[in-house]
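Participant: Have a peek at input05.cif (mmCIF, C-alpha atoms and all ligand atoms).
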data_run
#
loop_
_atom_site.label_atom_id
_atom_site.label_comp_id
_atom_site.auth_asym_id
_atom_site.auth_seq_id
_atom_site.Cartn_x
_atom_site.Cartn_y
_atom_site.Cartn_z
CA MET A 169 -173.22 15.10 91.87
CA LYS A 170 -169.76 15.33 93.38
CA ILE A 171 -167.41 12.89 95.08
CA THR A 172 -166.95 14.34 98.58
CA CYS A 173 -164.92 11.68 100.36
CA ILE A 174 -162.77 8.69 99.42
CA THR A 175 -162.25 6.17 102.20
CA VAL A 176 -159.67 3.43 101.73
CA PHE A 177 -159.78 0.06 103.52
CA GLN A 178 -157.43 -2.91 103.51
CA LYS A 179 -158.16 -6.58 104.06
CA ASN A 180 -156.01 -9.69 103.78
CA LEU A 181 -158.01 -12.38 102.01
CA THR A 182 -156.76 -15.80 103.08
CA LEU A 183 -156.46 -18.39 100.33
CA GLU A 184 -157.98 -21.76 101.13
CA HIS A 185 -154.91 -23.42 99.64
CA PRO A 186 -151.52 -21.65 99.44
CA TYR A 187 -150.74 -20.97 95.79
CA TRP A 188 -147.51 -21.76 93.93
CA LEU A 189 -147.09 -20.02 90.61
CA SER A 190 -145.46 -21.90 87.77
CA GLY A 191 -141.95 -21.06 86.60
CA GLY A 192 -140.40 -20.80 90.07
CA ARG A 193 -142.34 -17.71 91.14
CA LEU A 194 -143.14 -17.45 94.81
CA LYS A 195 -145.78 -19.10 96.89
CA PHE A 196 -148.39 -16.91 98.57
CA GLU A 197 -151.09 -17.51 101.15
CA THR A 198 -153.15 -14.31 101.24
CA LEU A 199 -154.33 -11.69 98.77
CA ASP A 200 -153.91 -8.03 99.73
CA ALA A 201 -157.28 -6.40 98.99
CA THR A 202 -157.95 -2.67 98.84
CA LEU A 203 -161.55 -1.54 99.14
CA VAL A 204 -162.57 2.05 98.42
CA LYS A 205 -165.77 3.82 99.41
CA PHE A 206 -166.88 6.99 97.65
CA ASP A 207 -169.31 9.35 99.36
CA THR A 208 -171.16 11.93 97.31
CA ASP A 209 -172.97 15.18 98.07
CA GLU A 210 -176.25 13.51 97.02
CA GLY A 211 -176.05 10.77 99.62
CA LEU A 212 -175.10 7.89 97.31
CA THR A 213 -172.07 5.78 98.21
CA GLY A 214 -170.16 3.50 95.87
CA TRP A 215 -167.64 0.74 96.44
CA GLY A 216 -164.66 -0.50 94.49
CA GLU A 217 -162.10 -3.26 95.02
CA GLY A 218 -158.57 -3.79 93.79
CA THR A 219 -156.99 -7.14 94.60
CA PRO A 220 -153.94 -8.34 92.67
CA TRP A 221 -153.23 -12.08 92.53
CA GLY A 222 -150.27 -11.66 94.84
CA HIS A 223 -147.39 -9.41 93.81
CA THR A 224 -145.21 -12.09 92.15
CA TYR A 225 -147.67 -12.90 89.36
CA VAL A 226 -147.75 -9.73 87.27
CA PRO A 227 -146.61 -6.15 87.96
CA ALA A 228 -149.21 -5.18 90.57
CA HIS A 229 -148.83 -4.52 94.27
CA GLY A 230 -151.47 -4.28 97.00
CA PRO A 231 -149.76 -1.38 98.85
CA GLY A 232 -149.18 0.21 95.42
CA ILE A 233 -152.95 0.52 94.95
CA ARG A 234 -153.26 2.47 98.19
CA ALA A 235 -150.28 4.69 97.30
CA GLY A 236 -151.78 5.30 93.86
CA ILE A 237 -155.13 6.30 95.34
CA GLU A 238 -153.36 8.73 97.67
CA THR A 239 -151.74 10.36 94.62
CA MET A 240 -154.92 10.42 92.52
CA ALA A 241 -157.42 11.39 95.23
CA PRO A 242 -156.97 15.19 94.94
CA PHE A 243 -157.69 14.95 91.21
CA ILE A 244 -160.85 12.88 91.68
CA LEU A 245 -162.50 14.61 94.62
CA GLY A 246 -165.19 17.00 93.39
CA LEU A 247 -165.74 15.16 90.08
CA ASP A 248 -169.10 13.68 89.12
CA PRO A 249 -168.71 9.89 89.52
CA ARG A 250 -171.35 9.27 86.84
CA ARG A 251 -168.99 10.78 84.28
CA VAL A 252 -166.68 7.80 84.25
CA LEU A 253 -164.67 9.10 81.29
CA ASP A 254 -163.90 12.37 83.10
CA VAL A 255 -162.71 10.39 86.11
CA GLU A 256 -160.67 8.09 83.85
CA ARG A 257 -158.93 11.05 82.20
CA ALA A 258 -158.25 12.70 85.55
CA MET A 259 -156.61 9.49 86.76
CA ASP A 260 -154.57 9.06 83.57
CA LEU A 261 -153.31 12.65 83.86
CA ALA A 262 -152.53 12.38 87.57
CA LEU A 263 -150.75 9.03 87.30
CA PRO A 264 -149.88 7.56 83.89
CA GLY A 265 -149.92 3.74 83.87
CA HIS A 266 -150.60 1.97 87.20
CA LEU A 267 -153.82 0.54 85.80
CA TYR A 268 -154.37 -1.78 88.75
CA ALA A 269 -154.54 1.23 91.10
CA LYS A 270 -157.22 2.85 88.93
CA SER A 271 -159.61 -0.06 88.67
CA PRO A 272 -161.13 0.24 92.20
CA ILE A 273 -161.84 3.94 91.55
CA ASP A 274 -163.45 3.18 88.21
CA MET A 275 -165.54 0.46 89.86
CA ALA A 276 -166.80 2.78 92.63
CA CYS A 277 -167.82 5.32 89.97
CA TRP A 278 -169.81 2.72 88.02
CA ASP A 279 -171.43 1.56 91.27
CA ILE A 280 -172.68 5.10 91.96
CA ALA A 281 -173.67 5.71 88.34
CA GLY A 282 -175.76 2.55 88.39
CA GLN A 283 -177.43 3.50 91.65
CA ALA A 284 -178.17 7.00 90.35
CA ALA A 285 -179.78 5.51 87.23
CA GLY A 286 -181.57 2.76 89.16
CA LEU A 287 -179.89 0.15 86.95
CA PRO A 288 -177.42 -2.69 87.38
CA ILE A 289 -174.04 -1.67 85.93
CA ALA A 290 -174.47 -4.17 83.07
CA ASP A 291 -177.69 -2.47 81.96
CA LEU A 292 -176.15 0.98 82.32
CA MET A 293 -173.34 -0.20 80.03
CA GLY A 294 -175.91 -0.93 77.38
CA GLY A 295 -177.71 -4.10 78.25
CA GLY A 296 -176.98 -7.29 80.05
CA SER A 297 -177.48 -10.97 79.32
CA ARG A 298 -179.10 -12.77 82.24
CA THR A 299 -177.74 -16.14 81.18
CA PRO A 300 -175.86 -17.55 84.19
CA LYS A 301 -172.14 -17.39 83.46
CA PRO A 302 -170.07 -20.58 83.71
CA ILE A 303 -167.33 -20.29 86.31
CA ALA A 304 -163.98 -21.61 85.15
CA SER A 305 -162.45 -24.06 87.59
CA SER A 306 -158.82 -23.72 88.54
CA VAL A 307 -157.08 -27.07 88.31
CA GLY A 308 -153.56 -26.66 89.71
CA ALA A 309 -150.39 -28.29 88.38
CA LYS A 310 -150.65 -31.90 89.50
CA THR A 311 -150.20 -35.46 88.29
CA VAL A 312 -152.50 -37.13 85.77
CA GLU A 313 -154.40 -38.90 88.55
CA GLU A 314 -154.75 -35.80 90.71
CA THR A 315 -155.92 -33.76 87.73
CA ARG A 316 -158.62 -36.35 87.10
CA GLU A 317 -159.77 -36.21 90.73
CA VAL A 318 -159.86 -32.41 90.92
CA LEU A 319 -161.82 -32.21 87.66
CA LYS A 320 -164.30 -34.75 88.94
CA ARG A 321 -164.87 -32.69 92.09
CA TYR A 322 -165.58 -29.60 89.99
CA ARG A 323 -167.86 -31.56 87.64
CA ASP A 324 -169.81 -32.89 90.62
CA ARG A 325 -170.44 -29.25 91.59
CA GLY A 326 -171.77 -28.37 88.13
CA TYR A 327 -168.72 -26.78 86.54
CA ILE A 328 -168.60 -26.93 82.73
CA ALA A 329 -165.62 -24.60 82.18
CA HIS A 330 -162.14 -25.59 83.30
CA SER A 331 -158.78 -23.91 83.42
CA VAL A 332 -156.21 -26.67 83.74
CA LYS A 333 -152.90 -25.19 84.86
CA ILE A 334 -149.90 -26.57 82.98
CA GLY A 335 -146.40 -25.36 82.15
CA GLY A 336 -142.83 -26.24 82.97
CA ASP A 337 -142.59 -29.98 82.32
CA VAL A 338 -143.14 -30.97 78.71
CA ASP A 339 -143.76 -34.69 79.18
CA ARG A 340 -146.06 -34.21 82.14
CA ASP A 341 -148.00 -31.48 80.34
CA ILE A 342 -148.55 -33.73 77.31
CA ALA A 343 -149.64 -36.65 79.50
CA ARG A 344 -152.09 -34.52 81.48
CA ILE A 345 -153.62 -32.92 78.37
CA ARG A 346 -154.09 -36.32 76.71
CA ASP A 347 -155.74 -37.75 79.81
CA VAL A 348 -158.04 -34.75 80.36
CA GLU A 349 -159.14 -34.86 76.72
CA GLU A 350 -159.82 -38.58 76.95
CA HIS A 351 -162.20 -37.94 79.85
CA ARG A 352 -163.66 -34.64 78.62
CA ALA A 353 -167.40 -34.40 79.25
CA GLU A 354 -169.90 -33.28 76.61
CA GLY A 355 -170.25 -29.51 76.25
CA GLU A 356 -167.26 -28.56 78.37
CA THR A 357 -164.91 -25.66 77.70
CA ILE A 358 -161.35 -26.54 78.67
CA LEU A 359 -158.47 -24.12 78.57
CA TYR A 360 -154.90 -25.25 79.23
CA ASP A 361 -153.41 -22.32 81.09
CA VAL A 362 -149.64 -22.13 80.84
CA ASN A 363 -149.41 -18.90 82.86
CA ARG A 364 -146.25 -18.00 80.87
CA GLY A 365 -144.57 -21.15 82.22
CA TRP A 366 -143.03 -22.31 78.93
CA THR A 367 -140.02 -21.24 76.95
CA ARG A 368 -140.55 -21.15 73.18
CA GLN A 369 -139.16 -24.64 72.60
CA GLN A 370 -141.30 -26.09 75.39
CA ALA A 371 -144.38 -24.43 73.94
CA LEU A 372 -143.75 -25.83 70.47
CA ARG A 373 -143.07 -29.33 71.78
CA VAL A 374 -146.31 -29.56 73.78
CA MET A 375 -148.44 -27.77 71.20
CA SER A 376 -147.13 -29.97 68.36
CA ALA A 377 -147.50 -33.18 70.35
CA THR A 378 -151.15 -32.41 71.11
CA GLU A 379 -152.10 -30.93 67.74
CA ASP A 380 -154.46 -33.82 66.94
CA LEU A 381 -156.58 -32.90 70.01
CA ASN A 382 -157.33 -29.33 68.87
CA VAL A 383 -157.19 -27.84 72.36
CA MET A 384 -156.85 -24.20 73.49
CA PHE A 385 -153.84 -22.84 75.35
CA GLU A 386 -153.70 -19.73 77.49
CA GLN A 387 -150.64 -17.51 77.63
CA PRO A 388 -148.23 -20.10 76.17
CA GLY A 389 -145.30 -17.65 76.37
CA GLU A 390 -143.97 -14.91 78.56
CA THR A 391 -144.63 -12.02 76.18
CA LEU A 392 -146.58 -11.15 73.05
CA ASP A 393 -143.27 -11.39 71.15
CA ASP A 394 -142.90 -14.99 72.34
CA ILE A 395 -146.46 -15.81 71.33
CA ALA A 396 -145.94 -14.12 67.94
CA ALA A 397 -142.66 -15.98 67.35
CA ILE A 398 -144.26 -19.43 67.62
CA ARG A 399 -147.52 -18.38 65.98
CA THR A 400 -146.91 -19.84 62.54
CA LYS A 401 -145.43 -23.06 63.93
CA HIS A 402 -148.47 -24.55 65.65
CA ALA A 403 -152.17 -24.87 64.89
CA ALA A 404 -153.70 -24.44 68.35
CA PRO A 405 -156.08 -21.61 69.31
CA VAL A 406 -154.52 -19.31 71.90
CA SER A 407 -155.93 -17.19 74.71
CA VAL A 408 -153.99 -14.24 76.07
CA ASP A 409 -154.56 -12.85 79.55
CA GLU A 410 -151.37 -11.77 81.35
CA SER A 411 -150.14 -9.98 78.19
CA LEU A 412 -153.48 -8.25 77.67
CA VAL A 413 -153.03 -5.05 79.63
CA THR A 414 -153.53 -1.94 77.48
CA LEU A 415 -155.78 -1.04 74.59
CA GLN A 416 -152.62 -0.94 72.46
CA ASP A 417 -151.93 -4.60 73.39
CA THR A 418 -155.51 -5.40 72.45
CA ALA A 419 -155.21 -3.74 69.05
CA ARG A 420 -151.92 -5.49 68.31
CA ILE A 421 -153.23 -8.93 69.30
CA ALA A 422 -156.33 -8.48 67.14
CA ARG A 423 -154.49 -6.99 64.15
CA ASP A 424 -151.65 -9.52 64.15
CA GLY A 425 -153.90 -12.48 64.94
CA LEU A 426 -151.95 -13.46 68.05
CA ALA A 427 -154.95 -14.89 69.92
CA GLU A 428 -158.46 -16.17 69.31
CA VAL A 429 -159.55 -15.62 72.93
CA PHE A 430 -159.04 -12.76 75.37
CA GLY A 431 -158.84 -13.35 79.11
CA ILE A 432 -159.85 -9.91 80.38
CA LYS A 433 -158.82 -9.45 84.02
CA LEU A 434 -160.57 -6.37 85.34
CA ASN A 435 -158.05 -5.16 87.90
CA ARG A 436 -155.14 -5.84 85.55
CA VAL A 437 -156.56 -3.74 82.71
CA GLY A 438 -157.70 -0.80 84.85
CA GLY A 439 -161.39 -1.48 85.37
CA LEU A 440 -164.67 -1.63 83.49
CA THR A 441 -164.23 1.52 81.41
CA LYS A 442 -161.01 0.35 79.82
CA ALA A 443 -162.10 -3.30 79.65
CA ALA A 444 -165.24 -2.37 77.71
CA ARG A 445 -163.03 -1.12 74.85
CA MET A 446 -161.18 -4.45 74.84
CA ARG A 447 -164.54 -6.22 74.62
CA ASP A 448 -165.46 -4.13 71.58
CA ILE A 449 -162.18 -4.87 69.80
CA ALA A 450 -162.67 -8.56 70.58
CA LEU A 451 -166.20 -8.61 69.19
CA ALA A 452 -165.14 -6.69 66.09
CA HIS A 453 -162.44 -9.27 65.34
CA GLY A 454 -164.20 -12.55 66.11
CA ILE A 455 -162.30 -13.01 69.35
CA ASP A 456 -164.12 -14.77 72.22
CA THR A 457 -163.63 -13.82 75.85
CA PHE A 458 -163.22 -14.95 79.40
CA VAL A 459 -163.94 -12.08 81.81
CA MET A 460 -162.78 -12.33 85.37
CA ALA A 461 -161.44 -10.70 88.49
CA THR A 462 -157.66 -10.72 88.78
CA GLY A 463 -158.33 -11.83 92.33
CA GLY A 464 -160.45 -10.75 95.25
CA SER A 465 -163.76 -10.99 97.02
CA VAL A 466 -167.32 -11.29 95.78
CA LEU A 467 -167.14 -7.59 94.81
CA ALA A 468 -164.38 -8.22 92.28
CA ASP A 469 -166.22 -11.26 90.92
CA THR A 470 -169.39 -9.19 90.57
CA GLU A 471 -167.61 -6.43 88.67
CA ALA A 472 -166.45 -9.04 86.14
CA LEU A 473 -169.96 -10.47 85.94
CA HIS A 474 -171.37 -7.09 84.87
CA LEU A 475 -168.93 -6.82 81.97
CA ALA A 476 -169.48 -10.47 81.07
CA ALA A 477 -173.22 -9.74 80.85
CA THR A 478 -172.60 -7.13 78.13
CA ILE A 479 -171.00 -9.74 75.86
CA PRO A 480 -173.20 -11.97 73.66
CA ASP A 481 -173.53 -15.39 75.29
CA HIS A 482 -171.88 -17.23 72.39
CA ASN A 483 -168.75 -15.05 72.67
CA MET A 484 -168.51 -15.29 76.47
CA LEU A 485 -166.73 -18.51 77.41
CA GLY A 486 -166.67 -18.08 81.18
CA THR A 487 -165.85 -16.14 84.28
CA TRP A 488 -164.21 -17.05 87.57
CA ALA A 489 -165.19 -17.06 91.24
CA CYS A 490 -162.07 -16.10 93.16
CA GLN A 491 -164.37 -15.89 96.19
CA ASP A 492 -164.42 -19.70 96.22
CA MET A 493 -160.63 -19.84 96.68
CA ILE A 494 -160.55 -17.61 99.77
CA THR A 495 -161.84 -18.23 103.28
CA THR A 496 -162.29 -14.56 104.25
CA GLU A 497 -165.85 -13.24 103.90
CA ILE A 498 -166.34 -9.47 103.67
CA ALA A 499 -169.95 -9.16 102.45
CA ASP A 500 -171.87 -11.29 104.99
CA GLY A 501 -172.72 -13.80 102.27
CA ALA A 502 -174.39 -11.20 100.03
CA GLY A 503 -173.86 -10.91 96.27
CA PRO A 504 -173.59 -13.53 93.52
CA ARG A 505 -172.29 -16.87 94.76
CA ALA A 506 -171.36 -19.99 92.85
CA LYS A 507 -174.50 -22.01 92.11
CA ASN A 508 -174.13 -25.23 90.18
CA GLY A 509 -170.87 -23.92 88.70
CA HIS A 510 -172.39 -20.64 87.52
CA LEU A 511 -172.73 -17.02 88.69
CA HIS A 512 -175.97 -15.05 88.27
CA LEU A 513 -176.02 -11.31 87.64
CA PRO A 514 -177.47 -9.38 90.64
CA GLU A 515 -180.52 -7.25 89.81
CA GLY A 516 -179.94 -4.43 92.31
CA PRO A 517 -178.82 -1.01 91.06
CA GLY A 518 -175.09 -0.38 90.67
CA LEU A 519 -172.71 -3.18 91.53
CA GLY A 520 -175.39 -5.01 93.49
CA VAL A 521 -173.21 -5.98 96.46
CA ARG A 522 -171.28 -4.04 99.07
CA PRO A 523 -168.93 -5.10 101.84
CA SER A 524 -169.59 -4.94 105.55
CA GLU A 525 -167.41 -2.08 106.82
CA LYS A 526 -166.80 -3.83 110.10
CA ALA A 527 -165.02 -6.63 108.21
CA LEU A 528 -162.46 -4.14 106.88
CA THR A 529 -159.60 -2.05 108.29
CA LYS A 530 -159.78 1.63 107.42
CA VAL A 531 -156.36 2.95 106.38
CA ALA A 532 -157.00 6.41 104.93
CA ASP A 533 -159.61 8.94 103.93
CA TYR A 534 -159.43 11.91 101.60
CA GLU A 535 -161.89 14.80 101.44
MG MG B 601 -154.62 -17.46 82.80
#
Just dump the structure as structure tokens.

Facilitator:
Amino acid sequence: MKITCITVFQKNLTLEHPYWLSGGRLKFETLDATLVKFDTDEGLTGWGEGTPWGHTYVPAHGPGIRAGIETMAPFILGLDPRRVLDVERAMDLALPGHLYAKSPIDMACWDIAGQAAGLPIADLMGGGSRTPKPIASSVGAKTVEETREVLKRYRDRGYIAHSVKIGGDVDRDIARIRDVEEHRAEGETILYDVNRGWTRQQALRVMSATEDLNVMFEQPGETLDDIAAIRTKHAAPVSVDESLVTLQDTARIARDGLAEVFGIKLNRVGGLTKAARMRDIALAHGIDTFVMATGGSVLADTEALHLAATIPDHNMLGTWACQDMITTEIADGAGPRAKNGHLHLPEGPGLGVRPSEKALTKVADYE
């Protein structure tokens, strides 16, 4: 089987609520999504999506994905999409780095490979748990009272995993954590996501002041060096997501004991093929995982769900439904949707959901 044509589409996904990142980074109102369609000489078509969470969050750029695909396309056309490692190597040779531009290509290959095998991607990767995956809420930086209200709204919809966004104001962070913990419901997973919003002294002050609560923090510093520097000075479990990019990062975090949880963001790390190696390092080192889209439509959420399904349930803390934060629909309501705070793996072959082409704007094709 050969890839005969790569068609690239663009779509602005409108956020239901404009998003302000912590630490003075810019506000944004839409996500710039790139969708790719692969045609093959055997009649199968596969879809991939790459949607960064804006371009002020981490080094990733919507137009950069499309430019990267233009550069890589001549090296991918003619390859067998079922041989995902061959495609991965071709991309890495054609364009070192730029992982976020590679993930939609990797995803389209897995979609076709799954269809060719008649299996959902999760099963093709070696077997998939059908346990519905808890969706982590996203509780923005607000006052104690507002945090309580937003959490209640999520709980009323069945959510049992929560990502409470903190960072930037030490006293307010401590007050919000204490209040959330006081009202924590039985069986909930709560992660306090700093999104790199603290300096080292701020991190130590909040983490020390809440040590008695034994809570988990995500990305409590800008870099792995920051997280390593404060490591011996606090007792809290740490999750790393923004600093988890390459397999080398993964190995360092595991070896040096910098985190007890990985937040694997599929677009950020370059797609399923590369993320699967991070999963294996995590499992080999007793590190639990959140697996999620970096941003995007139901396609991006579904990609994450397939990887999440290959992780034992007791090591898989949650996923995310970015689709619930955007008002733009590109798949006519198809694919896994939030049900009682959980996402269910689709049983169709391949990804199990595809977009409606008429919802998208075609920007390029390569053959
Ligand atoms: Mg995070």

Participant: Taking (-151.5, -4.3, 86.7) as a centre in this file's frame and 9 Å as the limit, can you find every polymer residue with an atom that close, using all atoms listed in the file, and give them as a PyMOL selection string?

Facilitator: chain A and resi 220+226-229+265-269+413+435-438

Participant: Between A:Asp469, A:Leu183, A:Leu528, A:Glu317, single out the one closest to Leu513 of chain A, counting all atoms listed in the file.

Facilitator: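 Checking each candidate against Leu513 of chain A, we get A:Asp469 as the closest.
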
Participant: Give me, as a ChimeraX atom specification, all polymer residues having an atom no more than 9 Å from Thr391 of chain A, counting all atoms listed in the file and skipping those fewer than 3 positions away in the same chain.

Facilitator: /A:364,387-388,394-396,410-411

Participant: Name the residues, by chain letter and number, that sit within 7 Å of ligand MG 601 (chain B) using only C-alpha atoms and all ligand atoms, and give them as a ChimeraX atom specification.

Facilitator: /A:361,363,386-387,409-410,431

Participant: So, counting only C-alpha atoms, which residue among A:Leu181, A:Val383, A:Val318, A:Met259 is closest to Ser465 of chain A?

Facilitator: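 Result for the nearest residue to Ser465 of chain A: A:Leu181.
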
Participant: May I have the residues within 9 Å of segment 277-284 of chain A as a PyMOL selection string, using all atoms listed in the file and disregarding those fewer than 2 positions away in the same chain?

Facilitator: chain A and resi 206+208+212-216+248-252+255+272-275+286-292+440-441+516-520

Participant: Mind giving me the straight-line distance from atom CA of Ile358 of chain A to atom CA of Ser407 of chain A in Å, one decimal?

Facilitator: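 Computed distance, atom CA of Ile358 of chain A to atom CA of Ser407 of chain A, equals 11.5 Å.
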
Participant: Using all atoms listed in the file, which residue out of A:Ile171, A:Val408, A:Ala506, A:Ile334 lies closest to Leu247 of chain A?

Facilitator: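 The shortest atom-to-atom distance to Leu247 of chain A comes from A:Ile171.
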
Participant: Counting all atoms listed in the file, which residues have an atom no more than 8 Å from (-177.7, -14.2, 88.4) in the file's coordinates? Please list them as a list in words.

Facilitator: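 Output of the proximity query reads Arg298, Thr299, Pro300, Pro504, Leu511, His512, Leu513, Pro514 and Glu515 of chain A.
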
Participant: Taking only C-alpha atoms into account, which of A:Glu256, A:Glu354, A:Glu525, A:Asp417 comes nearest Gly439 of chain A?

Facilitator: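 Distance minimum relative to Gly439 of chain A lands on A:Glu256.
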
Participant: What's the 8 Å shell around Trp488 of chain A, counting only C-alpha atoms, without same-chain residues fewer than 5 positions away, as a PDB file with C-alpha atoms, in the coordinates of the input?

Facilitator:
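Result written to part.pdb:
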ATOM      1  CA  PRO A 302    -170.070 -20.580  83.710  1.00  0.00           C
ATOM      2  CA  ILE A 303    -167.330 -20.290  86.310  1.00  0.00           C
ATOM      3  CA  ALA A 304    -163.980 -21.610  85.150  1.00  0.00           C
ATOM      4  CA  SER A 305    -162.450 -24.060  87.590  1.00  0.00           C
ATOM      5  CA  VAL A 459    -163.940 -12.080  81.810  1.00  0.00           C
ATOM      6  CA  MET A 460    -162.780 -12.330  85.370  1.00  0.00           C
ATOM      7  CA  ALA A 461    -161.440 -10.700  88.490  1.00  0.00           C
ATOM      8  CA  ASP A 469    -166.220 -11.260  90.920  1.00  0.00           C
TER       9      ASP A 469
END

Participant: Looking at A:Arg257, A:Thr462, A:Ile432, A:Lys195, which one is nearest to Met240 of chain A, with distances taken over only C-alpha atoms?

Facilitator: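 Nearest to Met240 of chain A: A:Arg257.
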
Participant: So the first atom is atom CA of Glu349 of chain A and the second is atom CA of Gln370 of chain A; what is the distance between them in Å, to one decimal place?

Facilitator: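 According to the coordinates, atom CA of Glu349 of chain A and atom CA of Gln370 of chain A are separated by 19.9 Å.
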
Participant: Restricting the calculation to all atoms listed in the file, which member of A:Asp380, A:Glu471, A:Asp481, A:Asp200 is positioned closest to Leu451 of chain A?

Facilitator: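 Answer, going by the shortest atom-to-atom distance: A:Asp481.
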
Participant: One decimal, Å: what's the distance from atom CA of Leu485 of chain A over to atom CA of Tyr360 of chain A, could you say?

Facilitator: 13.7 Å

Participant: Give me the residues within 8 Å of Ala262 of chain A as a list in words, counting all atoms listed in the file and dropping any in the same chain fewer than 2 places off.

Facilitator: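 Listing them by chain and then by number gives Thr239, Met240, Phe243, Ala258, Met259, Asp260 and Pro264 of chain A.
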
Participant: Using only C-alpha atoms, determine which residues lie at most 12 Å from Ala532 of chain A, disregarding the query and same-chain residues fewer than 3 positions distant; provide the list as a ChimeraX atom specification.

Facilitator: /A:173-178,202-205,234-235,237-238,241,529,535
